file work04.txt (compact mmCIF, C-alpha atoms)
# COMPACT_ATOMS: atom_id res chain seq x y z
CA MET E 217 50.91 -79.69 -33.51
CA LYS E 218 47.92 -79.25 -31.25
CA MET E 219 49.98 -77.02 -28.96
CA LYS E 220 51.20 -74.90 -31.89
CA SER E 221 47.61 -74.41 -33.10
CA ARG E 222 46.47 -73.29 -29.65
CA THR E 223 49.42 -70.96 -29.33
CA CYS E 224 48.76 -69.46 -32.76
CA LEU E 225 45.04 -69.05 -32.04
CA THR E 226 45.81 -67.44 -28.69
CA LEU E 227 48.29 -65.04 -30.27
CA LEU E 228 45.83 -64.22 -33.03
CA ALA E 229 43.07 -63.54 -30.50
CA LEU E 230 45.39 -61.34 -28.46
CA SER E 231 46.54 -59.42 -31.51
CA ILE E 232 42.92 -58.69 -32.39
CA ALA E 233 41.85 -57.85 -28.83
CA MET E 234 44.85 -55.81 -27.66
CA PRO E 235 44.34 -52.73 -29.84
CA SER E 236 40.79 -52.34 -28.58
CA VAL E 237 41.91 -52.78 -24.97
CA ALA E 238 44.87 -50.44 -25.41
CA ALA E 239 42.69 -47.84 -27.14
CA LYS E 240 40.15 -47.72 -24.32
CA ASP E 241 40.20 -44.21 -22.90
CA PRO E 242 39.80 -44.16 -19.10
CA ASN E 243 38.34 -40.67 -19.38
CA ILE E 244 35.37 -42.07 -21.28
CA SER E 245 34.74 -44.41 -18.35
CA ALA E 246 34.87 -41.42 -15.99
CA ILE E 247 32.43 -39.45 -18.14
CA LYS E 248 30.05 -42.42 -18.22
CA ALA E 249 30.33 -42.83 -14.45
CA ARG E 250 29.36 -39.23 -13.73
CA GLN E 251 26.56 -39.37 -16.27
CA GLY E 252 25.33 -42.53 -14.55
CA GLU E 253 25.31 -40.79 -11.20
CA MET E 254 23.40 -37.84 -12.68
CA ALA E 255 20.89 -40.26 -14.18
CA ILE E 256 20.35 -41.87 -10.77
CA ARG E 257 19.91 -38.44 -9.22
CA ALA E 258 17.35 -37.52 -11.87
CA PHE E 259 15.52 -40.82 -11.40
CA ASN E 260 15.14 -39.99 -7.72
CA THR E 261 14.41 -36.26 -8.02
CA GLU E 262 11.86 -36.34 -10.84
CA PRO E 263 9.08 -37.93 -8.74
CA LEU E 264 9.82 -35.49 -5.91
CA PHE E 265 9.51 -32.56 -8.30
CA ALA E 266 6.31 -34.05 -9.74
CA MET E 267 4.82 -34.41 -6.24
CA ALA E 268 5.76 -30.84 -5.35
CA LYS E 269 4.16 -29.54 -8.57
CA GLY E 270 0.97 -31.57 -8.09
CA LYS E 271 1.65 -33.66 -11.18
CA MET E 272 1.84 -36.80 -9.05
CA PRO E 273 0.04 -37.60 -5.80
CA TYR E 274 2.16 -37.08 -2.71
CA ASP E 275 3.34 -40.40 -1.28
CA ALA E 276 5.12 -40.03 2.05
CA GLU E 277 6.79 -43.43 1.90
CA LEU E 278 8.06 -42.93 -1.64
CA ALA E 279 9.20 -39.38 -0.92
CA SER E 280 11.17 -40.61 2.10
CA LYS E 281 12.82 -43.37 0.08
CA LEU E 282 13.74 -41.05 -2.78
CA ALA E 283 15.21 -38.45 -0.42
CA ALA E 284 17.15 -41.19 1.38
CA ASN E 285 18.52 -42.40 -1.95
CA LEU E 286 19.76 -38.90 -2.73
CA LYS E 287 21.38 -38.69 0.69
CA LEU E 288 23.05 -42.05 0.12
CA LEU E 289 24.53 -40.76 -3.13
CA LEU E 290 26.18 -37.92 -1.17
CA ASP E 291 28.41 -40.51 0.49
CA LEU E 292 29.89 -41.68 -2.81
CA ASP E 293 33.39 -40.47 -3.57
CA THR E 294 32.93 -39.34 -7.15
CA SER E 295 36.23 -37.47 -7.44
CA ARG E 296 37.51 -40.03 -9.97
CA ASP E 297 34.56 -39.16 -12.22
CA TRP E 298 35.93 -35.67 -12.86
CA PRO E 299 39.48 -35.96 -14.22
CA PRO E 300 40.79 -32.68 -15.65
CA GLY E 301 40.37 -32.37 -19.38
CA THR E 302 37.11 -34.33 -19.63
CA GLY E 303 34.96 -31.42 -20.69
CA ILE E 304 33.14 -30.80 -23.93
CA ASP E 305 36.23 -29.16 -25.41
CA ASN E 306 38.08 -32.50 -25.48
CA TYR E 307 35.08 -34.85 -25.63
CA PRO E 308 32.43 -33.27 -27.87
CA ASN E 309 29.29 -35.36 -28.19
CA LYS E 310 30.35 -37.33 -25.10
CA THR E 311 29.68 -34.79 -22.33
CA HIS E 312 27.99 -31.46 -21.70
CA ALA E 313 30.47 -30.44 -18.98
CA LEU E 314 32.06 -27.08 -19.67
CA PRO E 315 35.86 -26.86 -19.30
CA LYS E 316 35.58 -24.16 -16.64
CA ILE E 317 34.55 -26.84 -14.13
CA TRP E 318 38.24 -27.60 -13.72
CA THR E 319 39.45 -23.99 -13.57
CA THR E 320 37.05 -22.48 -11.04
CA TYR E 321 37.85 -24.52 -7.95
CA PRO E 322 36.96 -23.86 -5.15
CA GLU E 323 34.06 -21.81 -6.59
CA ILE E 324 32.37 -24.89 -8.03
CA GLY E 325 32.53 -26.51 -4.59
CA LYS E 326 29.95 -24.00 -3.37
CA TYR E 327 27.40 -25.63 -5.66
CA GLY E 328 28.18 -29.03 -4.19
CA LYS E 329 27.71 -27.68 -0.68
CA LYS E 330 24.35 -26.12 -1.62
CA TYR E 331 23.26 -29.40 -3.16
CA ALA E 332 24.34 -31.39 -0.09
CA GLN E 333 22.52 -28.98 2.22
CA ALA E 334 19.36 -29.21 0.10
CA VAL E 335 19.48 -33.02 0.07
CA ASN E 336 20.05 -33.22 3.83
CA GLU E 337 17.21 -30.81 4.59
CA LEU E 338 14.87 -32.60 2.19
CA ASN E 339 15.75 -35.94 3.73
CA GLU E 340 14.61 -34.64 7.15
CA VAL E 341 11.10 -33.68 5.97
CA ALA E 342 10.28 -35.67 2.83
CA GLY E 343 7.89 -38.04 4.59
CA LYS E 344 6.25 -35.40 6.76
CA GLY E 345 3.76 -34.05 4.27
CA LEU E 346 3.70 -32.15 1.03
CA ASP E 347 3.75 -28.75 2.74
CA ALA E 348 6.87 -29.64 4.72
CA MET E 349 8.57 -31.05 1.66
CA GLY E 350 7.64 -28.35 -0.86
CA SER E 351 10.19 -25.65 -0.10
CA LYS E 352 12.95 -28.22 0.37
CA VAL E 353 12.27 -29.69 -3.06
CA GLY E 354 12.42 -26.16 -4.45
CA ALA E 355 15.83 -25.61 -2.85
CA LEU E 356 17.02 -28.91 -4.28
CA GLY E 357 15.91 -27.89 -7.77
CA LYS E 358 17.62 -24.51 -7.46
CA SER E 359 20.87 -26.15 -6.37
CA CYS E 360 20.84 -28.46 -9.38
CA LYS E 361 19.86 -25.72 -11.80
CA GLY E 362 22.49 -23.30 -10.50
CA CYS E 363 25.33 -25.68 -11.18
CA HIS E 364 23.94 -26.85 -14.52
CA ASP E 365 23.37 -23.27 -15.69
CA GLU E 366 26.95 -22.35 -14.81
CA TYR E 367 28.88 -25.48 -15.77
CA GLN E 368 26.88 -27.37 -18.36
CA GLU E 369 26.49 -26.72 -22.06
CA ASP E 370 22.94 -25.91 -23.12
CA HIS E 371 21.40 -28.88 -24.85

call {"tool": "encode", "arguments": {"input": "work04.txt", "output": "structure tokens"}}
result
Amino acid sequence: MKMKSRTCLTLLALSIAMPSVAAKDPNISAIKARQGEMAIRAFNTEPLFAMAKGKMPYDAELASKLAANLKLLLDLDTSRDWPPGTGIDNYPNKTHALPKIWTTYPEIGKYGKKYAQAVNELNEVAGKGLDAMGSKVGALGKSCKGCHDEYQEDH
């Protein structure tokens, strides 16, 4: 009897849990992953932008660390974060990504290259003074803005 009770409870638990597991959309996980990466980028760029604008005192050590973090993120393979069909057209209120991201390749890749170049150049000078860092932070901001203006819904 004890074995039958355990079996019944196990089957009941599985019958309750399985629909939620089966219903999990892997595209939602991908959307969350890319949003997480963007949040980490923002967390590291915001102090750099604040330093460049004089809204925060320049800190060479912090600037170097933040730039190094951005460079480290460049090494991540985030291709799984961008499955086709995960734009705002299919996932409203879940993403701000416009569907044309998936139809303009290799054009969109140019933005990624500009961003990578800006990060690499910033990484070289971030700890060498505010003057050295200023224009590189500006280039970084332009690279982010260019892609967001083109491929992200206004919000």

call {"tool": "residues_around", "arguments": {"input": "work04.txt", "residues": "segment 336-351 of chain E", "least_positions_apart": "4", "cutoff": "10 Å", "atoms": "all atoms listed in the file", "output": "list in words"}}
result
Leu264, Phe265, Met267, Ala268, Lys269, Gly270, Pro273, Tyr274, Asp275, Ala276, Glu277, Leu278, Ala279, Ser280, Lys281, Leu282, Ala283, Ala284, Asn285, Leu286, Lys287, Leu290, Lys330, Tyr331, Ala332, Ala355, Leu356 and Gly357 of chain E

call {"tool": "closest_residue", "arguments": {"input": "work04.txt", "among": "E:Pro263, E:Pro322, E:Pro242, E:Gly328", "to": "Arg296 of chain E", "atoms": "all atoms listed in the file"}}
result
E:Pro242

call {"tool": "atom_distance", "arguments": {"input": "work04.txt", "atom1": "atom CA of Lys326 of chain E", "atom2": "atom CA of Asp365 of chain E"}}
result
14.0 Å

call {"tool": "closest_residue", "arguments": {"input": "work04.txt", "among": "E:Gly362, E:Gln368, E:Lys240, E:Gln251", "to": "Asp305 of chain E", "atoms": "all atoms listed in the file"}}
result
E:Gln368

call {"tool": "closest_residue", "arguments": {"input": "work04.txt", "among": "E:Asp297, E:Asp291, E:Glu323, E:Asp370", "to": "Arg250 of chain E", "atoms": "all atoms listed in the file"}}
result
E:Asp297

call {"tool": "closest_residue", "arguments": {"input": "work04.txt", "among": "E:Cys360, E:Ile304, E:Ser245, E:Thr311", "to": "Lys329 of chain E", "atoms": "only C-alpha atoms"}}
result
E:Cys360

call {"tool": "atom_distance", "arguments": {"input": "work04.txt", "atom1": "atom CA of Ala313 of chain E", "atom2": "atom CA of Asn260 of chain E"}}
result
21.3 Å

call {"tool": "atom_distance", "arguments": {"input": "work04.txt", "atom1": "atom CA of Asp293 of chain E", "atom2": "atom CA of Gly325 of chain E"}}
result
14.0 Å

call {"tool": "closest_residue", "arguments": {"input": "work04.txt", "among": "E:Leu289, E:Ala334, E:Leu314, E:Met272", "to": "Arg257 of chain E", "atoms": "all atoms listed in the file"}}
result
E:Leu289

call {"tool": "decode", "arguments": {"input": "work04.txt", "residues": "segment 323-334 of chain E", "atoms": "all heavy atoms", "output": "mmCIF file, in the first residue's frame"}}
result
data_model
loop_
_atom_site.group_PDB
_atom_site.id
_atom_site.type_symbol
_atom_site.label_atom_id
_atom_site.label_comp_id
_atom_site.auth_asym_id
_atom_site.auth_seq_id
_atom_site.Cartn_x
_atom_site.Cartn_y
_atom_site.Cartn_z
ATOM 1 N N GLU E 323 23.897 43.440 -42.485
ATOM 2 C CA GLU E 323 23.895 44.865 -42.128
ATOM 3 C C GLU E 323 23.982 45.079 -40.616
ATOM 4 O O GLU E 323 24.756 45.910 -40.153
ATOM 5 C CB GLU E 323 22.641 45.537 -42.689
ATOM 6 C CG GLU E 323 22.588 47.032 -42.518
ATOM 7 C CD GLU E 323 23.667 47.783 -43.291
ATOM 8 O OE1 GLU E 323 24.083 47.313 -44.364
ATOM 9 O OE2 GLU E 323 24.092 48.839 -42.800
ATOM 10 N N ILE E 324 23.211 44.333 -39.850
ATOM 11 C CA ILE E 324 23.233 44.510 -38.406
ATOM 12 C C ILE E 324 24.614 44.185 -37.817
ATOM 13 O O ILE E 324 25.017 44.735 -36.809
ATOM 14 C CB ILE E 324 22.129 43.691 -37.699
ATOM 15 C CG1 ILE E 324 22.053 44.109 -36.232
ATOM 16 C CG2 ILE E 324 22.347 42.200 -37.886
ATOM 17 C CD1 ILE E 324 20.867 43.592 -35.495
ATOM 18 N N GLY E 325 25.351 43.312 -38.478
ATOM 19 C CA GLY E 325 26.685 42.962 -38.005
ATOM 20 C C GLY E 325 27.631 44.144 -37.960
ATOM 21 O O GLY E 325 28.578 44.173 -37.168
ATOM 22 N N LYS E 326 27.377 45.148 -38.787
ATOM 23 C CA LYS E 326 28.210 46.357 -38.783
ATOM 24 C C LYS E 326 28.117 47.074 -37.439
ATOM 25 O O LYS E 326 29.092 47.639 -36.960
ATOM 26 C CB LYS E 326 27.808 47.292 -39.918
ATOM 27 C CG LYS E 326 28.110 46.720 -41.292
ATOM 28 C CD LYS E 326 27.636 47.647 -42.393
ATOM 29 C CE LYS E 326 27.867 47.006 -43.756
ATOM 30 N NZ LYS E 326 27.357 47.843 -44.836
ATOM 31 N N TYR E 327 26.948 47.037 -36.837
ATOM 32 C CA TYR E 327 26.786 47.663 -35.525
ATOM 33 C C TYR E 327 27.599 46.915 -34.473
ATOM 34 O O TYR E 327 28.209 47.527 -33.594
ATOM 35 C CB TYR E 327 25.310 47.722 -35.122
ATOM 36 C CG TYR E 327 24.527 48.734 -35.908
ATOM 37 C CD1 TYR E 327 23.728 48.346 -36.974
ATOM 38 C CD2 TYR E 327 24.585 50.088 -35.594
ATOM 39 C CE1 TYR E 327 23.011 49.273 -37.705
ATOM 40 C CE2 TYR E 327 23.871 51.020 -36.317
ATOM 41 C CZ TYR E 327 23.086 50.609 -37.370
ATOM 42 O OH TYR E 327 22.366 51.537 -38.090
ATOM 43 N N GLY E 328 27.581 45.611 -34.555
ATOM 44 C CA GLY E 328 28.369 44.810 -33.623
ATOM 45 C C GLY E 328 29.857 45.081 -33.757
ATOM 46 O O GLY E 328 30.581 45.156 -32.765
ATOM 47 N N LYS E 329 30.309 45.254 -34.988
ATOM 48 C CA LYS E 329 31.729 45.550 -35.215
ATOM 49 C C LYS E 329 32.096 46.928 -34.671
ATOM 50 O O LYS E 329 33.162 47.104 -34.077
ATOM 51 C CB LYS E 329 32.058 45.447 -36.705
ATOM 52 C CG LYS E 329 32.069 44.018 -37.199
ATOM 53 C CD LYS E 329 32.343 43.938 -38.687
ATOM 54 C CE LYS E 329 32.263 42.480 -39.146
ATOM 55 N NZ LYS E 329 32.417 42.337 -40.575
ATOM 56 N N LYS E 330 31.212 47.908 -34.860
ATOM 57 C CA LYS E 330 31.462 49.250 -34.314
ATOM 58 C C LYS E 330 31.508 49.198 -32.787
ATOM 59 O O LYS E 330 32.347 49.852 -32.159
ATOM 60 C CB LYS E 330 30.384 50.236 -34.775
ATOM 61 C CG LYS E 330 30.508 50.636 -36.226
ATOM 62 C CD LYS E 330 29.405 51.610 -36.605
ATOM 63 C CE LYS E 330 29.461 51.948 -38.077
ATOM 64 N NZ LYS E 330 28.382 52.837 -38.495
ATOM 65 N N TYR E 331 30.597 48.449 -32.210
ATOM 66 C CA TYR E 331 30.579 48.312 -30.751
ATOM 67 C C TYR E 331 31.871 47.650 -30.264
ATOM 68 O O TYR E 331 32.506 48.133 -29.326
ATOM 69 C CB TYR E 331 29.355 47.505 -30.299
ATOM 70 C CG TYR E 331 29.364 47.216 -28.822
ATOM 71 C CD1 TYR E 331 29.031 48.203 -27.901
ATOM 72 C CD2 TYR E 331 29.734 45.969 -28.338
ATOM 73 C CE1 TYR E 331 29.057 47.949 -26.540
ATOM 74 C CE2 TYR E 331 29.770 45.704 -26.976
ATOM 75 C CZ TYR E 331 29.426 46.705 -26.092
ATOM 76 O OH TYR E 331 29.466 46.449 -24.737
ATOM 77 N N ALA E 332 32.278 46.571 -30.900
ATOM 78 C CA ALA E 332 33.501 45.867 -30.493
ATOM 79 C C ALA E 332 34.720 46.784 -30.619
ATOM 80 O O ALA E 332 35.579 46.813 -29.730
ATOM 81 C CB ALA E 332 33.691 44.599 -31.321
ATOM 82 N N GLN E 333 34.785 47.539 -31.700
ATOM 83 C CA GLN E 333 35.907 48.465 -31.879
ATOM 84 C C GLN E 333 35.906 49.522 -30.772
ATOM 85 O O GLN E 333 36.952 49.829 -30.200
ATOM 86 C CB GLN E 333 35.829 49.136 -33.253
ATOM 87 C CG GLN E 333 36.960 50.118 -33.493
ATOM 88 C CD GLN E 333 36.879 50.793 -34.857
ATOM 89 O OE1 GLN E 333 36.061 50.438 -35.704
ATOM 90 N NE2 GLN E 333 37.741 51.770 -35.065
ATOM 91 N N ALA E 334 34.734 50.054 -30.461
ATOM 92 C CA ALA E 334 34.637 51.076 -29.418
ATOM 93 C C ALA E 334 35.053 50.511 -28.060
ATOM 94 O O ALA E 334 35.774 51.167 -27.297
ATOM 95 C CB ALA E 334 33.208 51.628 -29.356
#
